[in-house]
Amino acid sequence: MLKQFLPDEHVKSILEISPEQLKSRGIKGIITDLDNTLVEWDRPNATPALIKWFEELKKQNILVTIVSNNNKERVGAFADPLDIPFIFQARKPLAKAFKKAITQMGIKKEEAVVIGDQLLTDVLGGNRSGFYTILVVPVAQTDGFFTKFNRFAERRILNWFRKKGMVSWED
């Protein structure tokens, strides 16, 4: 059961994920979380480095859909200026939003990756739906109210994985 929380890959920043490597693995689309994955949960816009990363994805013909549990105003304010499709109030880890994202992108599950900063929403939801999952270190060290609870549970799960030798990275 706990293996559902184990990501396929772990990186310190979304910017470490190479569009060229994704392309070479047959990836045609990214389903990404927004808050504390792309930018801090309280930052309204993309950073210049993130904008450049999105441009590199576009050059490689890799589609992006933001899937967030946040509200329409927050997600739309971030995604609309970048012309990136989004799904808000996604209710992750439920599968519906993940399936909707690949349908909108017109790709197969095997051609997509799920990227996020939380085990209990992004990784669990992606794994349960059969996607390749990439966990990123949260951009900010602060969180909203509900995320604080998730972080507590995540630390316990990650500590269990470490004791079993299943993860080698540090928080």
# chains A, B, ... in the order shown; residues from 1 in each chain; ligands from 1
call {"tool": "closest_atom_pairs", "arguments": {"of": "region 1-45 of chain A", "to": "region 53-68 of chain A", "cutoff": "8 Å", "atoms": "only C-alpha atoms", "output": "JSON lines"}}
result
{"residue": "A:Leu15", "atom": "CA", "partner": "A:Trp53", "partner_atom": "CA", "distance": 6.6}
{"residue": "A:Pro19", "atom": "CA", "partner": "A:Leu57", "partner_atom": "CA", "distance": 5.4}
{"residue": "A:Glu20", "atom": "CA", "partner": "A:Gln60", "partner_atom": "CA", "distance": 6.9}
{"residue": "A:Lys23", "atom": "CA", "partner": "A:Gln60", "partner_atom": "CA", "distance": 6.8}
{"residue": "A:Ile27", "atom": "CA", "partner": "A:Ile62", "partner_atom": "CA", "distance": 7.2}
{"residue": "A:Lys28", "atom": "CA", "partner": "A:Ile62", "partner_atom": "CA", "distance": 4.8}
{"residue": "A:Gly29", "atom": "CA", "partner": "A:Leu63", "partner_atom": "CA", "distance": 4.4}
{"residue": "A:Ile30", "atom": "CA", "partner": "A:Val64", "partner_atom": "CA", "distance": 4.7}
{"residue": "A:Ile31", "atom": "CA", "partner": "A:Thr65", "partner_atom": "CA", "distance": 5.1}
{"residue": "A:Thr32", "atom": "CA", "partner": "A:Ile66", "partner_atom": "CA", "distance": 4.9}
{"residue": "A:Asp33", "atom": "CA", "partner": "A:Val67", "partner_atom": "CA", "distance": 5.3}
{"residue": "A:Leu34", "atom": "CA", "partner": "A:Ser68", "partner_atom": "CA", "distance": 6.0}
{"residue": "A:Asp35", "atom": "CA", "partner": "A:Ser68", "partner_atom": "CA", "distance": 7.7}
call {"tool": "write_last_selection", "arguments": {"atoms": "N, CA and C atoms", "output": "mmCIF file, in the first residue's frame"}}
result
data_model
loop_
_atom_site.group_PDB
_atom_site.id
_atom_site.type_symbol
_atom_site.label_atom_id
_atom_site.label_comp_id
_atom_site.auth_asym_id
_atom_site.auth_seq_id
_atom_site.Cartn_x
_atom_site.Cartn_y
_atom_site.Cartn_z
ATOM 1 N N LEU A 15 12.971 22.705 -12.725
ATOM 2 C CA LEU A 15 13.895 23.168 -13.758
ATOM 3 C C LEU A 15 14.987 22.146 -14.058
ATOM 4 N N PRO A 19 13.580 18.878 -20.877
ATOM 5 C CA PRO A 19 12.628 18.604 -21.953
ATOM 6 C C PRO A 19 13.181 17.611 -22.981
ATOM 7 N N GLU A 20 14.472 17.694 -23.255
ATOM 8 C CA GLU A 20 15.090 16.781 -24.228
ATOM 9 C C GLU A 20 15.035 15.340 -23.730
ATOM 10 N N LYS A 23 11.466 14.062 -23.977
ATOM 11 C CA LYS A 23 11.172 13.772 -25.386
ATOM 12 C C LYS A 23 11.799 12.437 -25.799
ATOM 13 N N ILE A 27 7.873 11.032 -23.974
ATOM 14 C CA ILE A 27 6.899 11.839 -23.237
ATOM 15 C C ILE A 27 6.403 12.967 -24.139
ATOM 16 N N LYS A 28 5.082 13.073 -24.230
ATOM 17 C CA LYS A 28 4.458 14.110 -25.048
ATOM 18 C C LYS A 28 3.685 15.135 -24.215
ATOM 19 N N GLY A 29 3.519 14.847 -22.919
ATOM 20 C CA GLY A 29 2.748 15.761 -22.083
ATOM 21 C C GLY A 29 3.121 15.692 -20.621
ATOM 22 N N ILE A 30 2.986 16.831 -19.964
ATOM 23 C CA ILE A 30 3.257 16.956 -18.535
ATOM 24 C C ILE A 30 1.985 17.402 -17.842
ATOM 25 N N ILE A 31 1.637 16.688 -16.790
ATOM 26 C CA ILE A 31 0.578 17.104 -15.882
ATOM 27 C C ILE A 31 1.315 17.603 -14.641
ATOM 28 N N THR A 32 1.220 18.891 -14.375
ATOM 29 C CA THR A 32 1.971 19.447 -13.252
ATOM 30 C C THR A 32 1.077 20.158 -12.259
ATOM 31 N N ASP A 33 1.459 20.048 -11.017
ATOM 32 C CA ASP A 33 0.852 20.823 -9.950
ATOM 33 C C ASP A 33 1.325 22.271 -10.095
ATOM 34 N N LEU A 34 0.702 23.178 -9.402
ATOM 35 C CA LEU A 34 1.097 24.588 -9.448
ATOM 36 C C LEU A 34 1.832 25.007 -8.176
ATOM 37 N N ASP A 35 1.107 25.084 -7.080
ATOM 38 C CA ASP A 35 1.641 25.676 -5.850
ATOM 39 C C ASP A 35 2.740 24.825 -5.217
#
call {"tool": "atom_distance", "arguments": {"atom1": "CA of Leu22 (chain A)", "atom2": "CA of Thr133 (chain A)"}}
result
12.4 Å
call {"tool": "residues_around", "arguments": {"residues": "Leu119 (chain A)", "least_positions_apart": "4", "cutoff": "6 Å", "atoms": "only C-alpha atoms", "output": "NGL selection string"}}
result
:A and (5 or 123-124)
call {"tool": "select_by_dssp", "arguments": {"residues": "chain A", "states": "alpha helix (DSSP H)", "output": "VMD selection string"}}
result
chain A and resid 19 to 24 48 to 59 72 to 79 96 to 105 124 to 128 145 to 163
call {"tool": "select_by_dssp", "arguments": {"residues": "region 10-99 of chain A", "states": "strand (DSSP E)", "output": "PyMOL selection string"}}
result
chain A and resi 10-11+29-32+63-67+86-87
call {"tool": "write_last_selection", "arguments": {"atoms": "all heavy atoms", "output": "short mmCIF file (atom, residue, chain, number, x, y, z; two decimals), in the first residue's frame"}}
result
data_model
loop_
_atom_site.label_atom_id
_atom_site.label_comp_id
_atom_site.auth_asym_id
_atom_site.auth_seq_id
_atom_site.Cartn_x
_atom_site.Cartn_y
_atom_site.Cartn_z
N HIS A 10 12.82 11.63 -8.32
CA HIS A 10 12.83 12.76 -7.40
C HIS A 10 13.85 13.78 -7.89
O HIS A 10 14.97 13.41 -8.24
CB HIS A 10 13.21 12.29 -5.99
CG HIS A 10 13.35 13.39 -5.00
ND1 HIS A 10 14.54 13.99 -4.74
CD2 HIS A 10 12.44 13.99 -4.21
CE1 HIS A 10 14.36 14.94 -3.83
NE2 HIS A 10 13.10 14.95 -3.49
N VAL A 11 13.45 15.06 -7.93
CA VAL A 11 14.37 16.14 -8.32
C VAL A 11 14.22 17.29 -7.35
O VAL A 11 13.19 17.43 -6.69
CB VAL A 11 14.12 16.63 -9.77
CG1 VAL A 11 14.41 15.54 -10.79
CG2 VAL A 11 12.71 17.16 -9.95
N GLY A 29 3.52 14.85 -22.92
CA GLY A 29 2.75 15.76 -22.08
C GLY A 29 3.12 15.69 -20.62
O GLY A 29 3.52 14.64 -20.12
N ILE A 30 2.99 16.83 -19.96
CA ILE A 30 3.26 16.96 -18.54
C ILE A 30 1.98 17.40 -17.84
O ILE A 30 1.34 18.37 -18.26
CB ILE A 30 4.37 17.99 -18.27
CG1 ILE A 30 5.70 17.50 -18.81
CG2 ILE A 30 4.47 18.32 -16.78
CD1 ILE A 30 6.82 18.54 -18.72
N ILE A 31 1.64 16.69 -16.79
CA ILE A 31 0.58 17.10 -15.88
C ILE A 31 1.32 17.60 -14.64
O ILE A 31 1.99 16.83 -13.98
CB ILE A 31 -0.35 15.93 -15.52
CG1 ILE A 31 -1.03 15.38 -16.77
CG2 ILE A 31 -1.36 16.35 -14.46
CD1 ILE A 31 -1.75 14.06 -16.55
N THR A 32 1.22 18.89 -14.38
CA THR A 32 1.97 19.45 -13.25
C THR A 32 1.08 20.16 -12.26
O THR A 32 0.08 20.80 -12.63
CB THR A 32 3.09 20.40 -13.73
OG1 THR A 32 3.83 20.87 -12.60
CG2 THR A 32 2.54 21.60 -14.49
N LEU A 63 3.46 19.04 -24.42
CA LEU A 63 2.31 19.78 -23.91
C LEU A 63 2.35 19.84 -22.38
O LEU A 63 2.93 18.96 -21.74
CB LEU A 63 1.02 19.09 -24.36
CG LEU A 63 0.86 18.91 -25.87
CD1 LEU A 63 -0.30 17.97 -26.17
CD2 LEU A 63 0.67 20.26 -26.54
N VAL A 64 1.72 20.86 -21.82
CA VAL A 64 1.64 21.01 -20.37
C VAL A 64 0.20 21.32 -19.99
O VAL A 64 -0.45 22.14 -20.64
CB VAL A 64 2.55 22.16 -19.87
CG1 VAL A 64 2.39 22.36 -18.36
CG2 VAL A 64 4.00 21.91 -20.22
N THR A 65 -0.27 20.67 -18.94
CA THR A 65 -1.53 21.02 -18.32
C THR A 65 -1.29 21.14 -16.82
O THR A 65 -0.71 20.24 -16.21
CB THR A 65 -2.63 19.96 -18.60
OG1 THR A 65 -2.85 19.88 -20.00
CG2 THR A 65 -3.93 20.32 -17.90
N ILE A 66 -1.71 22.25 -16.25
CA ILE A 66 -1.61 22.44 -14.81
C ILE A 66 -2.86 21.84 -14.18
O ILE A 66 -3.98 22.16 -14.57
CB ILE A 66 -1.49 23.94 -14.45
CG1 ILE A 66 -0.18 24.52 -15.01
CG2 ILE A 66 -1.58 24.14 -12.93
CD1 ILE A 66 -0.05 26.02 -14.89
N VAL A 67 -2.65 20.95 -13.22
CA VAL A 67 -3.75 20.32 -12.49
C VAL A 67 -3.55 20.67 -11.02
O VAL A 67 -2.60 20.23 -10.39
CB VAL A 67 -3.77 18.80 -12.72
CG1 VAL A 67 -4.84 18.15 -11.86
CG2 VAL A 67 -4.01 18.48 -14.20
N PHE A 86 -5.44 24.49 -17.92
CA PHE A 86 -5.41 24.11 -16.51
C PHE A 86 -6.73 23.48 -16.09
O PHE A 86 -7.77 23.69 -16.72
CB PHE A 86 -5.09 25.32 -15.63
CG PHE A 86 -6.12 26.42 -15.68
CD1 PHE A 86 -7.17 26.45 -14.78
CD2 PHE A 86 -6.01 27.44 -16.62
CE1 PHE A 86 -8.12 27.47 -14.82
CE2 PHE A 86 -6.94 28.47 -16.67
CZ PHE A 86 -8.00 28.48 -15.76
N ILE A 87 -6.63 22.72 -15.03
CA ILE A 87 -7.78 22.13 -14.36
C ILE A 87 -7.69 22.57 -12.91
O ILE A 87 -6.66 22.33 -12.26
CB ILE A 87 -7.79 20.59 -14.48
CG1 ILE A 87 -7.88 20.18 -15.97
CG2 ILE A 87 -8.93 19.98 -13.66
CD1 ILE A 87 -7.60 18.72 -16.23
#
call {"tool": "closest_residue", "arguments": {"among": "A:Val39, A:Leu120, A:Phe88, A:Asn69", "to": "Asn150 (chain A)", "atoms": "only C-alpha atoms"}}
result
A:Leu120
call {"tool": "closest_residue", "arguments": {"among": "A:Arg151, A:Lys72, A:Lys96, A:Lys52", "to": "Asp117 (chain A)", "atoms": "only C-alpha atoms"}}
result
A:Arg151
call {"tool": "closest_residue", "arguments": {"among": "A:Leu2, A:Gly26, A:Val167, A:Ile51", "to": "Lys108 (chain A)", "atoms": "only C-alpha atoms"}}
result
A:Gly26
call {"tool": "atom_distance", "arguments": {"atom1": "CA of Gly125 (chain A)", "atom2": "CA of Glu110 (chain A)"}}
result
15.1 Å
call {"tool": "residues_around", "arguments": {"residues": "Ile134 (chain A)", "least_positions_apart": "2", "cutoff": "10 Å", "atoms": "only C-alpha atoms", "output": "number ranges by chain"}}
result
A: 6-11, 14, 17, 32, 113-119, 122-123, 126, 131-132, 136
call {"tool": "atom_distance", "arguments": {"atom1": "CA of Gln89 (chain A)", "atom2": "CA of Asn70 (chain A)"}}
result
5.3 Å
call {"tool": "residues_around", "arguments": {"residues": "Ser129 (chain A)", "least_positions_apart": "4", "cutoff": "9 Å", "atoms": "only C-alpha atoms", "output": "list in words"}}
result
Leu94, Ala95, Phe98, Lys99, Lys109, Leu124 and Gly125 of chain A
call {"tool": "decode", "arguments": {"residues": "region 5-18 of chain A", "atoms": "all heavy atoms", "output": "compact mmCIF listing (two decimals), in the first residue's frame"}}
result
# COMPACT_ATOMS: atom_id res chain seq x y z
N PHE A 5 2.78 5.70 -2.62
CA PHE A 5 3.31 7.02 -2.31
C PHE A 5 4.74 7.22 -2.82
O PHE A 5 5.30 8.29 -2.65
CB PHE A 5 3.30 7.26 -0.79
CG PHE A 5 1.93 7.28 -0.20
CD1 PHE A 5 1.43 6.16 0.46
CD2 PHE A 5 1.12 8.40 -0.29
CE1 PHE A 5 0.16 6.17 1.01
CE2 PHE A 5 -0.14 8.42 0.25
CZ PHE A 5 -0.62 7.29 0.91
N LEU A 6 5.32 6.19 -3.41
CA LEU A 6 6.71 6.25 -3.85
C LEU A 6 6.79 6.77 -5.29
O LEU A 6 6.27 6.15 -6.21
CB LEU A 6 7.34 4.85 -3.77
CG LEU A 6 8.84 4.76 -4.02
CD1 LEU A 6 9.61 5.55 -2.97
CD2 LEU A 6 9.28 3.30 -4.00
N PRO A 7 7.42 7.93 -5.49
CA PRO A 7 7.53 8.47 -6.85
C PRO A 7 8.54 7.66 -7.68
O PRO A 7 9.43 7.01 -7.13
CB PRO A 7 8.05 9.89 -6.63
CG PRO A 7 8.81 9.81 -5.35
CD PRO A 7 8.09 8.80 -4.51
N ASP A 8 8.39 7.72 -8.98
CA ASP A 8 9.34 7.06 -9.87
C ASP A 8 10.67 7.80 -9.90
O ASP A 8 11.70 7.19 -10.18
CB ASP A 8 8.76 6.97 -11.29
CG ASP A 8 7.54 6.07 -11.34
OD1 ASP A 8 7.69 4.87 -11.04
OD2 ASP A 8 6.45 6.56 -11.67
N GLU A 9 10.61 9.09 -9.65
CA GLU A 9 11.80 9.93 -9.74
C GLU A 9 11.68 11.07 -8.74
O GLU A 9 10.57 11.46 -8.38
CB GLU A 9 11.90 10.47 -11.16
CG GLU A 9 13.18 11.10 -11.57
CD GLU A 9 13.17 11.49 -13.05
OE1 GLU A 9 12.51 10.83 -13.88
OE2 GLU A 9 13.83 12.49 -13.37
N HIS A 10 12.82 11.63 -8.32
CA HIS A 10 12.83 12.76 -7.40
C HIS A 10 13.85 13.78 -7.89
O HIS A 10 14.97 13.41 -8.24
CB HIS A 10 13.21 12.29 -5.99
CG HIS A 10 13.35 13.39 -5.00
ND1 HIS A 10 14.54 13.99 -4.74
CD2 HIS A 10 12.44 13.99 -4.21
CE1 HIS A 10 14.36 14.94 -3.83
NE2 HIS A 10 13.10 14.95 -3.49
N VAL A 11 13.45 15.06 -7.93
CA VAL A 11 14.37 16.14 -8.32
C VAL A 11 14.22 17.29 -7.35
O VAL A 11 13.19 17.43 -6.69
CB VAL A 11 14.12 16.63 -9.77
CG1 VAL A 11 14.41 15.54 -10.79
CG2 VAL A 11 12.71 17.16 -9.95
N LYS A 12 15.26 18.12 -7.28
CA LYS A 12 15.21 19.26 -6.37
C LYS A 12 14.36 20.40 -6.91
O LYS A 12 13.81 21.18 -6.17
CB LYS A 12 16.62 19.75 -6.07
CG LYS A 12 17.38 18.76 -5.23
CD LYS A 12 18.68 19.30 -4.72
CE LYS A 12 19.30 18.24 -3.84
NZ LYS A 12 20.53 18.56 -3.26
N SER A 13 14.27 20.51 -8.24
CA SER A 13 13.53 21.60 -8.87
C SER A 13 12.95 21.11 -10.19
O SER A 13 13.58 20.31 -10.89
CB SER A 13 14.45 22.79 -9.11
OG SER A 13 13.88 23.70 -10.02
N ILE A 14 11.81 21.64 -10.52
CA ILE A 14 11.20 21.31 -11.81
C ILE A 14 12.14 21.70 -12.96
O ILE A 14 12.14 21.07 -14.01
CB ILE A 14 9.80 21.95 -11.95
CG1 ILE A 14 9.02 21.24 -13.05
CG2 ILE A 14 9.88 23.45 -12.17
CD1 ILE A 14 7.54 21.40 -12.97
N LEU A 15 12.97 22.70 -12.72
CA LEU A 15 13.89 23.17 -13.76
C LEU A 15 14.99 22.15 -14.06
O LEU A 15 15.67 22.25 -15.08
CB LEU A 15 14.51 24.50 -13.36
CG LEU A 15 13.50 25.64 -13.11
CD1 LEU A 15 14.20 26.88 -12.60
CD2 LEU A 15 12.68 25.93 -14.35
N GLU A 16 15.16 21.15 -13.19
CA GLU A 16 16.12 20.06 -13.44
C GLU A 16 15.58 19.02 -14.40
O GLU A 16 16.31 18.15 -14.86
CB GLU A 16 16.50 19.37 -12.12
CG GLU A 16 17.32 20.21 -11.20
CD GLU A 16 17.68 19.46 -9.92
OE1 GLU A 16 17.49 18.22 -9.84
OE2 GLU A 16 18.14 20.12 -8.98
N ILE A 17 14.29 19.09 -14.69
CA ILE A 17 13.68 18.12 -15.60
C ILE A 17 13.92 18.59 -17.03
O ILE A 17 13.43 19.64 -17.44
CB ILE A 17 12.17 17.97 -15.30
CG1 ILE A 17 11.98 17.49 -13.85
CG2 ILE A 17 11.52 17.01 -16.28
CD1 ILE A 17 10.55 17.53 -13.37
N SER A 18 14.68 17.82 -17.76
CA SER A 18 15.11 18.19 -19.10
C SER A 18 14.05 17.86 -20.14
O SER A 18 13.67 16.68 -20.30
CB SER A 18 16.41 17.46 -19.44
OG SER A 18 16.64 17.45 -20.82
